[in-house]
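Contents: one structure, followed by commentary.
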Amino acid sequence: MAQRLRFKDPILAKRVASEIRRLSEGKGTVKICHVCGTHEWTINHYGLRSLLPKNVEVIAGPGCPVCIVPASEIDEAVQLASKGVIVTCFGDLLRVPGSTTSLLDAKAEGADVRVVYSVSDAVKMSFEEAAKELVFLAVGFETTSPSTAVEILNKPPENMSFLVSHRLIPPAMEMLVEMTGFSLNGFIAPGHVSTIIGLKPYEIFPRKYAMPVVVAGFEPLDVLISIYMLMKQLDRNKPDLENEYTLAVQPEGNPKAQKIMDEVFEIADGKWRGLGNIPSSKLSLKRKYKTFDAHLRYGLGIEDGLDLKPGCCCHLVVTGRIKPTECPLFLKDCTPQKPVGACMVSTEGTCQIWATAGSS
Amino acid sequence: MKMCLAIPAKIVSIKESIACVDFGEGVTRDVNVTLVDVKVGDYVLVHAGYAIQVLDKTEARETIKLWNQVFETETQNSKK
């Protein structure tokens, strides 16, 4: 208990780091992957990679919900905005490139694009703008999708509809495990996604793939201790599923949120920017809620968009195959001020984190 | 906004599905509590205007203290 509360204790951090070093001795390269932008932020901000031995690599997987929204879905929102529909979205999405324009470009050209903090703000806005039509571009992983489900269950006003772009994390993790030539040794699972989904969806990894998983919190010691827990599992050769973030993650997750999501959404195959199609990884509205589906309401159906601009390596960055610094555009043509790829746009994108905090 | 991030806060008052929460040192905001079963005094994790999980009280108080420290450090840095 006392140890859990000392989230940033440098003495304890050094002790954990030396334990990780001890466990890494005599082992080949150990590749640990996390799938959360906030984990990458913690790792960079506190320089955690510099504490790890050379043969322990921590890779940033597709953990930025904004970075993986395909260009086609941005294109659809831009199309609606240019038709005079009010488009509401989270701030990070504004500059995410579509095939030719972003929502920010559309706004600059006079479209009504508004940033909201919460889907509930978009609902409030749709009441205030009763004479106009309004769409909420619903992106995010399991942490965010329950809030969209709540608002849809509450029956928003008729002038409001949703472009549902929510994605599920465990199917993307499974894709990473099955990716040839990637050879991962363990996962740091995302803490806040897990507050909703619990531990069960990760059981498949130790069971089917002999892949250790530790659900981790977001303080520097949470992450370091999780790496230590993974190293211990590897050392004992007993792949398991453990929960480091007991402060917030219950084994069953949040059953109330799961029930509401099940009521509103069904699971479909979905495209991820840079990753292609991932089976059973996208949420879409169930038939009885289709009346709120902006796709049907406005006859949208953009299938393909330009996900990667020439030279952009976002697809290699989100799958951890290269570091941001290995992309030829990084901090040359692609900067946080003028991003080329989606990973440089969002505050949770690996490239932006490396550009602003430096690589550790 | 960081989309994977959730911030601990204390429930100050509840009216139907909306609760006023305190993020520490008097920063308050209304959040939706449909997804959790809570009472006044409970600590919750807030993400994009929604409480997504209830936290253990003693551990949450420590987390709030730590968050305040982070904010203080960031303010000091930006002043430099």
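Chain labels follow the order of the structure tokens: the first chain is A, the next B, and so on; residue numbering restarts at 1 in every chain, and ligands are counted from 1 in their shown order.
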Using only C-alpha atoms, determine which residues of chain A fall within 6 Å of chain B; present them as an mmCIF file with N, CA and C atoms, in the first residue's frame.
```
data_model
loop_
_atom_site.group_PDB
_atom_site.id
_atom_site.type_symbol
_atom_site.label_atom_id
_atom_site.label_comp_id
_atom_site.auth_asym_id
_atom_site.auth_seq_id
_atom_site.Cartn_x
_atom_site.Cartn_y
_atom_site.Cartn_z
ATOM 1 N N TYR A 117 -15.738 19.435 -25.303
ATOM 2 C CA TYR A 117 -14.991 18.671 -24.305
ATOM 3 C C TYR A 117 -15.630 17.301 -24.104
ATOM 4 N N SER A 118 -16.948 17.262 -24.342
ATOM 5 C CA SER A 118 -17.686 16.036 -24.052
ATOM 6 C C SER A 118 -18.832 15.900 -25.052
ATOM 7 N N ALA A 248 -7.932 1.589 -9.914
ATOM 8 C CA ALA A 248 -9.083 1.936 -10.768
ATOM 9 C C ALA A 248 -9.658 0.764 -11.569
ATOM 10 N N LYS A 256 -21.884 -1.722 -15.761
ATOM 11 C CA LYS A 256 -22.951 -0.803 -16.172
ATOM 12 C C LYS A 256 -22.614 -0.197 -17.546
ATOM 13 N N ALA A 257 -21.351 0.230 -17.690
ATOM 14 C CA ALA A 257 -20.912 0.804 -18.973
ATOM 15 C C ALA A 257 -20.957 -0.246 -20.076
#
```
Return as an mmCIF file with C-alpha atoms, in the first residue's frame the full set of residues in segment 76-294 of chain A whose backbone-based DSSP assignment is strand (DSSP E or B).
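And here's part22.cif as it stands now:
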```cif
data_model
loop_
_atom_site.group_PDB
_atom_site.id
_atom_site.type_symbol
_atom_site.label_atom_id
_atom_site.label_comp_id
_atom_site.auth_asym_id
_atom_site.auth_seq_id
_atom_site.Cartn_x
_atom_site.Cartn_y
_atom_site.Cartn_z
ATOM 1 C CA ILE A 86 -22.467 21.732 -37.734
ATOM 2 C CA VAL A 87 -19.677 19.224 -37.035
ATOM 3 C CA THR A 88 -18.641 18.809 -33.396
ATOM 4 C CA CYS A 89 -15.570 16.863 -32.286
ATOM 5 C CA VAL A 113 -16.792 23.026 -36.977
ATOM 6 C CA ARG A 114 -16.869 23.200 -33.188
ATOM 7 C CA VAL A 115 -14.658 21.666 -30.532
ATOM 8 C CA LEU A 134 -25.510 18.867 -35.974
ATOM 9 C CA VAL A 135 -23.209 15.849 -36.088
ATOM 10 C CA PHE A 136 -20.866 14.534 -33.404
ATOM 11 C CA LEU A 137 -17.767 12.768 -34.714
ATOM 12 C CA ALA A 138 -17.481 10.051 -32.074
ATOM 13 C CA MET A 160 -28.465 15.534 -34.063
ATOM 14 C CA SER A 161 -26.720 12.467 -35.466
ATOM 15 C CA PHE A 162 -23.431 10.631 -34.966
ATOM 16 C CA LEU A 163 -20.497 9.604 -37.100
ATOM 17 C CA VAL A 164 -19.477 6.640 -34.955
ATOM 18 C CA ARG A 167 -12.561 1.378 -32.065
ATOM 19 C CA GLY A 186 4.679 -8.749 -23.604
ATOM 20 C CA PHE A 187 1.980 -6.091 -23.359
ATOM 21 C CA ILE A 188 1.457 -3.168 -21.023
ATOM 22 C CA ALA A 189 -2.343 -2.981 -21.271
ATOM 23 C CA PRO A 190 -4.098 0.416 -21.183
ATOM 24 C CA VAL A 213 0.022 -8.901 -20.050
ATOM 25 C CA VAL A 214 0.077 -6.343 -17.211
ATOM 26 C CA VAL A 215 -2.663 -3.702 -16.938
ATOM 27 C CA ALA A 216 -0.860 -0.510 -15.885
ATOM 28 C CA LEU A 241 -2.461 -11.644 -16.933
ATOM 29 C CA GLU A 242 -1.807 -9.280 -14.006
ATOM 30 C CA ASN A 243 -3.343 -6.008 -12.844
ATOM 31 C CA PHE A 265 -23.461 -0.743 -30.390
ATOM 32 C CA GLU A 266 -22.661 -3.801 -32.407
ATOM 33 C CA ILE A 267 -19.182 -4.892 -33.389
ATOM 34 C CA ALA A 268 -18.030 -4.651 -36.998
ATOM 35 C CA ASP A 269 -14.776 -4.896 -38.920
ATOM 36 C CA GLY A 270 -13.007 -1.564 -39.084
ATOM 37 C CA LYS A 271 -10.227 0.215 -40.890
ATOM 38 C CA TRP A 272 -7.440 1.783 -38.823
ATOM 39 C CA GLY A 276 -5.651 -1.554 -42.557
ATOM 40 C CA ASN A 277 -8.711 -3.590 -41.748
ATOM 41 C CA ILE A 278 -8.888 -5.227 -38.302
ATOM 42 C CA PRO A 279 -11.661 -7.789 -37.807
ATOM 43 C CA SER A 280 -14.237 -7.039 -35.077
ATOM 44 C CA SER A 281 -12.522 -3.806 -34.038
ATOM 45 C CA LYS A 282 -15.110 -1.103 -34.709
ATOM 46 C CA LEU A 283 -18.378 -0.122 -33.078
ATOM 47 C CA SER A 284 -21.403 0.765 -35.134
ATOM 48 C CA LEU A 285 -24.976 1.573 -34.127
ATOM 49 C CA ASP A 293 -26.441 7.253 -37.806
#
```
Using only C-alpha atoms, tabulate the residues of segment 176-219 of chain A lying at most 8 Å from any atom of segment 143-157 of chain A, each with its closest atom pair and that distance in Å to one decimal, by chain and increasing residue number, as a Markdown table.
```
| residue | atom | partner | partner_atom | distance |
| --- | --- | --- | --- | --- |
| A:His192 | CA | A:Thr143 | CA | 6.0 |
| A:Val193 | CA | A:Thr143 | CA | 4.7 |
| A:Ser194 | CA | A:Thr143 | CA | 7.9 |
| A:Thr195 | CA | A:Thr143 | CA | 7.7 |
| A:Ile196 | CA | A:Thr143 | CA | 6.4 |
```
With distances taken over only C-alpha atoms, which of A:Leu230, A:Lys54, A:Val66, A:Leu300 is nearest to Gly91 of chain A? A:Val66
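Using only C-alpha atoms, the smallest distance between any of A:Arg21, A:Lys323, A:Lys31, A:Lys286 and Met211 of chain A comes from A:Lys31.
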Test item: residues at most 12 Å from Gly26 of chain B, only C-alpha atoms, excluding those fewer than 2 positions along its chain, as an mmCIF file with N, CA and C atoms, in the first residue's frame:
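This is the output file around-v8.cif:
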```cif
data_model
loop_
_atom_site.group_PDB
_atom_site.id
_atom_site.type_symbol
_atom_site.label_atom_id
_atom_site.label_comp_id
_atom_site.auth_asym_id
_atom_site.auth_seq_id
_atom_site.Cartn_x
_atom_site.Cartn_y
_atom_site.Cartn_z
ATOM 1 N N ALA B 9 -11.580 12.741 -9.252
ATOM 2 C CA ALA B 9 -12.297 13.875 -8.680
ATOM 3 C C ALA B 9 -13.263 13.376 -7.606
ATOM 4 N N LYS B 10 -13.672 14.319 -6.740
ATOM 5 C CA LYS B 10 -14.565 13.963 -5.627
ATOM 6 C C LYS B 10 -15.976 14.478 -5.916
ATOM 7 N N ILE B 11 -16.967 13.645 -5.654
ATOM 8 C CA ILE B 11 -18.359 14.048 -5.878
ATOM 9 C C ILE B 11 -18.801 15.018 -4.764
ATOM 10 N N VAL B 12 -19.243 16.213 -5.183
ATOM 11 C CA VAL B 12 -19.664 17.227 -4.218
ATOM 12 C C VAL B 12 -21.186 17.203 -4.049
ATOM 13 N N CYS B 20 -21.788 17.396 -9.488
ATOM 14 C CA CYS B 20 -20.732 18.399 -9.451
ATOM 15 C C CYS B 20 -19.532 17.716 -8.803
ATOM 16 N N VAL B 21 -18.377 17.742 -9.477
ATOM 17 C CA VAL B 21 -17.192 17.098 -8.910
ATOM 18 C C VAL B 21 -16.081 18.122 -8.687
ATOM 19 N N ASP B 22 -15.252 17.811 -7.696
ATOM 20 C CA ASP B 22 -14.129 18.677 -7.340
ATOM 21 C C ASP B 22 -12.835 17.969 -7.757
ATOM 22 N N PHE B 23 -12.083 18.621 -8.660
ATOM 23 C CA PHE B 23 -10.831 18.022 -9.130
ATOM 24 C C PHE B 23 -9.667 18.326 -8.179
ATOM 25 N N GLY B 24 -9.965 18.979 -7.072
ATOM 26 C CA GLY B 24 -8.911 19.330 -6.109
ATOM 27 C C GLY B 24 -8.726 20.828 -6.087
ATOM 28 N N THR B 28 -14.085 22.863 -9.934
ATOM 29 C CA THR B 28 -15.262 21.995 -10.018
ATOM 30 C C THR B 28 -15.837 21.986 -11.434
ATOM 31 N N ARG B 29 -16.594 20.935 -11.712
ATOM 32 C CA ARG B 29 -17.240 20.815 -13.014
ATOM 33 C C ARG B 29 -18.411 19.841 -12.888
ATOM 34 N N ILE B 64 -4.954 12.791 -6.053
ATOM 35 C CA ILE B 64 -5.275 14.212 -6.236
ATOM 36 C C ILE B 64 -4.103 15.091 -5.781
ATOM 37 N N ASN B 68 -2.005 17.698 -8.128
ATOM 38 C CA ASN B 68 -1.757 19.106 -7.802
ATOM 39 C C ASN B 68 -0.280 19.435 -7.905
#
```
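Between Val177 of chain A and the candidates A:Val340, A:Ile11, A:Leu308, A:Ile32, the tightest atom-to-atom separation, counting only C-alpha atoms, involves A:Ile32.
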Show me, as a ChimeraX atom specification, the residues that have an atom within 8 Å of Tyr228 of chain A when counting only C-alpha atoms, minus same-chain residues fewer than 2 positions from it. /A:16-17,19-20,224-226,230-232
Atom CA of Met173 of chain A and atom CA of Glu76 of chain A, how far apart in Å? 27.0 Å
Segment 37-128 of chain A: residues DSSP assigns to helix (DSSP H, G or I), reported as a VMD selection string: chain A and resid 37 to 45 48 to 51 71 to 82 91 to 93 103 to 108 119 to 128
Any chance you can output those residues with C-alpha atoms as an mmCIF file, in the first residue's frame?
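Wrote result-v7.cif, looks like this:
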```cif
data_model
loop_
_atom_site.group_PDB
_atom_site.id
_atom_site.type_symbol
_atom_site.label_atom_id
_atom_site.label_comp_id
_atom_site.auth_asym_id
_atom_site.auth_seq_id
_atom_site.Cartn_x
_atom_site.Cartn_y
_atom_site.Cartn_z
ATOM 1 C CA GLY A 37 -0.836 7.503 -25.779
ATOM 2 C CA THR A 38 -0.767 8.437 -22.105
ATOM 3 C CA HIS A 39 1.652 5.580 -21.365
ATOM 4 C CA GLU A 40 3.948 6.906 -24.098
ATOM 5 C CA TRP A 41 3.675 10.366 -22.575
ATOM 6 C CA THR A 42 4.654 9.040 -19.124
ATOM 7 C CA ILE A 43 7.550 7.029 -20.571
ATOM 8 C CA ASN A 44 8.909 10.051 -22.456
ATOM 9 C CA HIS A 45 8.199 12.741 -19.914
ATOM 10 C CA LEU A 48 11.863 5.891 -18.389
ATOM 11 C CA ARG A 49 13.545 4.338 -21.441
ATOM 12 C CA SER A 50 16.883 5.675 -20.180
ATOM 13 C CA LEU A 51 16.434 3.606 -16.999
ATOM 14 C CA ALA A 71 -8.777 9.619 -43.708
ATOM 15 C CA SER A 72 -12.083 8.397 -45.186
ATOM 16 C CA GLU A 73 -13.879 9.128 -41.892
ATOM 17 C CA ILE A 74 -12.369 12.630 -41.706
ATOM 18 C CA ASP A 75 -13.415 13.103 -45.355
ATOM 19 C CA GLU A 76 -17.008 12.238 -44.436
ATOM 20 C CA ALA A 77 -17.022 14.791 -41.615
ATOM 21 C CA VAL A 78 -15.493 17.431 -43.932
ATOM 22 C CA GLN A 79 -18.152 16.631 -46.540
ATOM 23 C CA LEU A 80 -20.914 17.206 -43.972
ATOM 24 C CA ALA A 81 -19.299 20.396 -42.706
ATOM 25 C CA SER A 82 -19.086 21.780 -46.222
ATOM 26 C CA GLY A 91 -10.056 19.223 -30.175
ATOM 27 C CA ASP A 92 -7.356 16.735 -31.156
ATOM 28 C CA LEU A 93 -9.310 15.777 -34.272
ATOM 29 C CA LEU A 103 -11.667 19.783 -40.311
ATOM 30 C CA LEU A 104 -9.566 22.823 -39.395
ATOM 31 C CA ASP A 105 -9.087 23.622 -43.104
ATOM 32 C CA ALA A 106 -12.850 23.293 -43.580
ATOM 33 C CA LYS A 107 -13.429 25.625 -40.620
ATOM 34 C CA ALA A 108 -11.000 28.156 -42.097
ATOM 35 C CA VAL A 119 -20.394 14.443 -26.189
ATOM 36 C CA SER A 120 -22.875 15.932 -23.703
ATOM 37 C CA ASP A 121 -21.729 19.427 -24.787
ATOM 38 C CA ALA A 122 -22.580 18.485 -28.384
ATOM 39 C CA VAL A 123 -26.061 17.373 -27.286
ATOM 40 C CA LYS A 124 -26.557 20.654 -25.426
ATOM 41 C CA MET A 125 -25.469 22.536 -28.554
ATOM 42 C CA SER A 126 -27.963 20.639 -30.711
ATOM 43 C CA PHE A 127 -30.788 21.877 -28.454
ATOM 44 C CA GLU A 128 -29.506 25.442 -28.742
#
```
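For the residues A:Ser165, A:Gly28, A:Cys312, A:Ser99, ranking by smallest atom-to-atom distance to His295 of chain A using only C-alpha atoms places A:Ser165 first.
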A:Thr291, A:Ala342, A:Leu275, A:Gly217: which is nearest Ile7 of chain B, counting only C-alpha atoms? A:Gly217
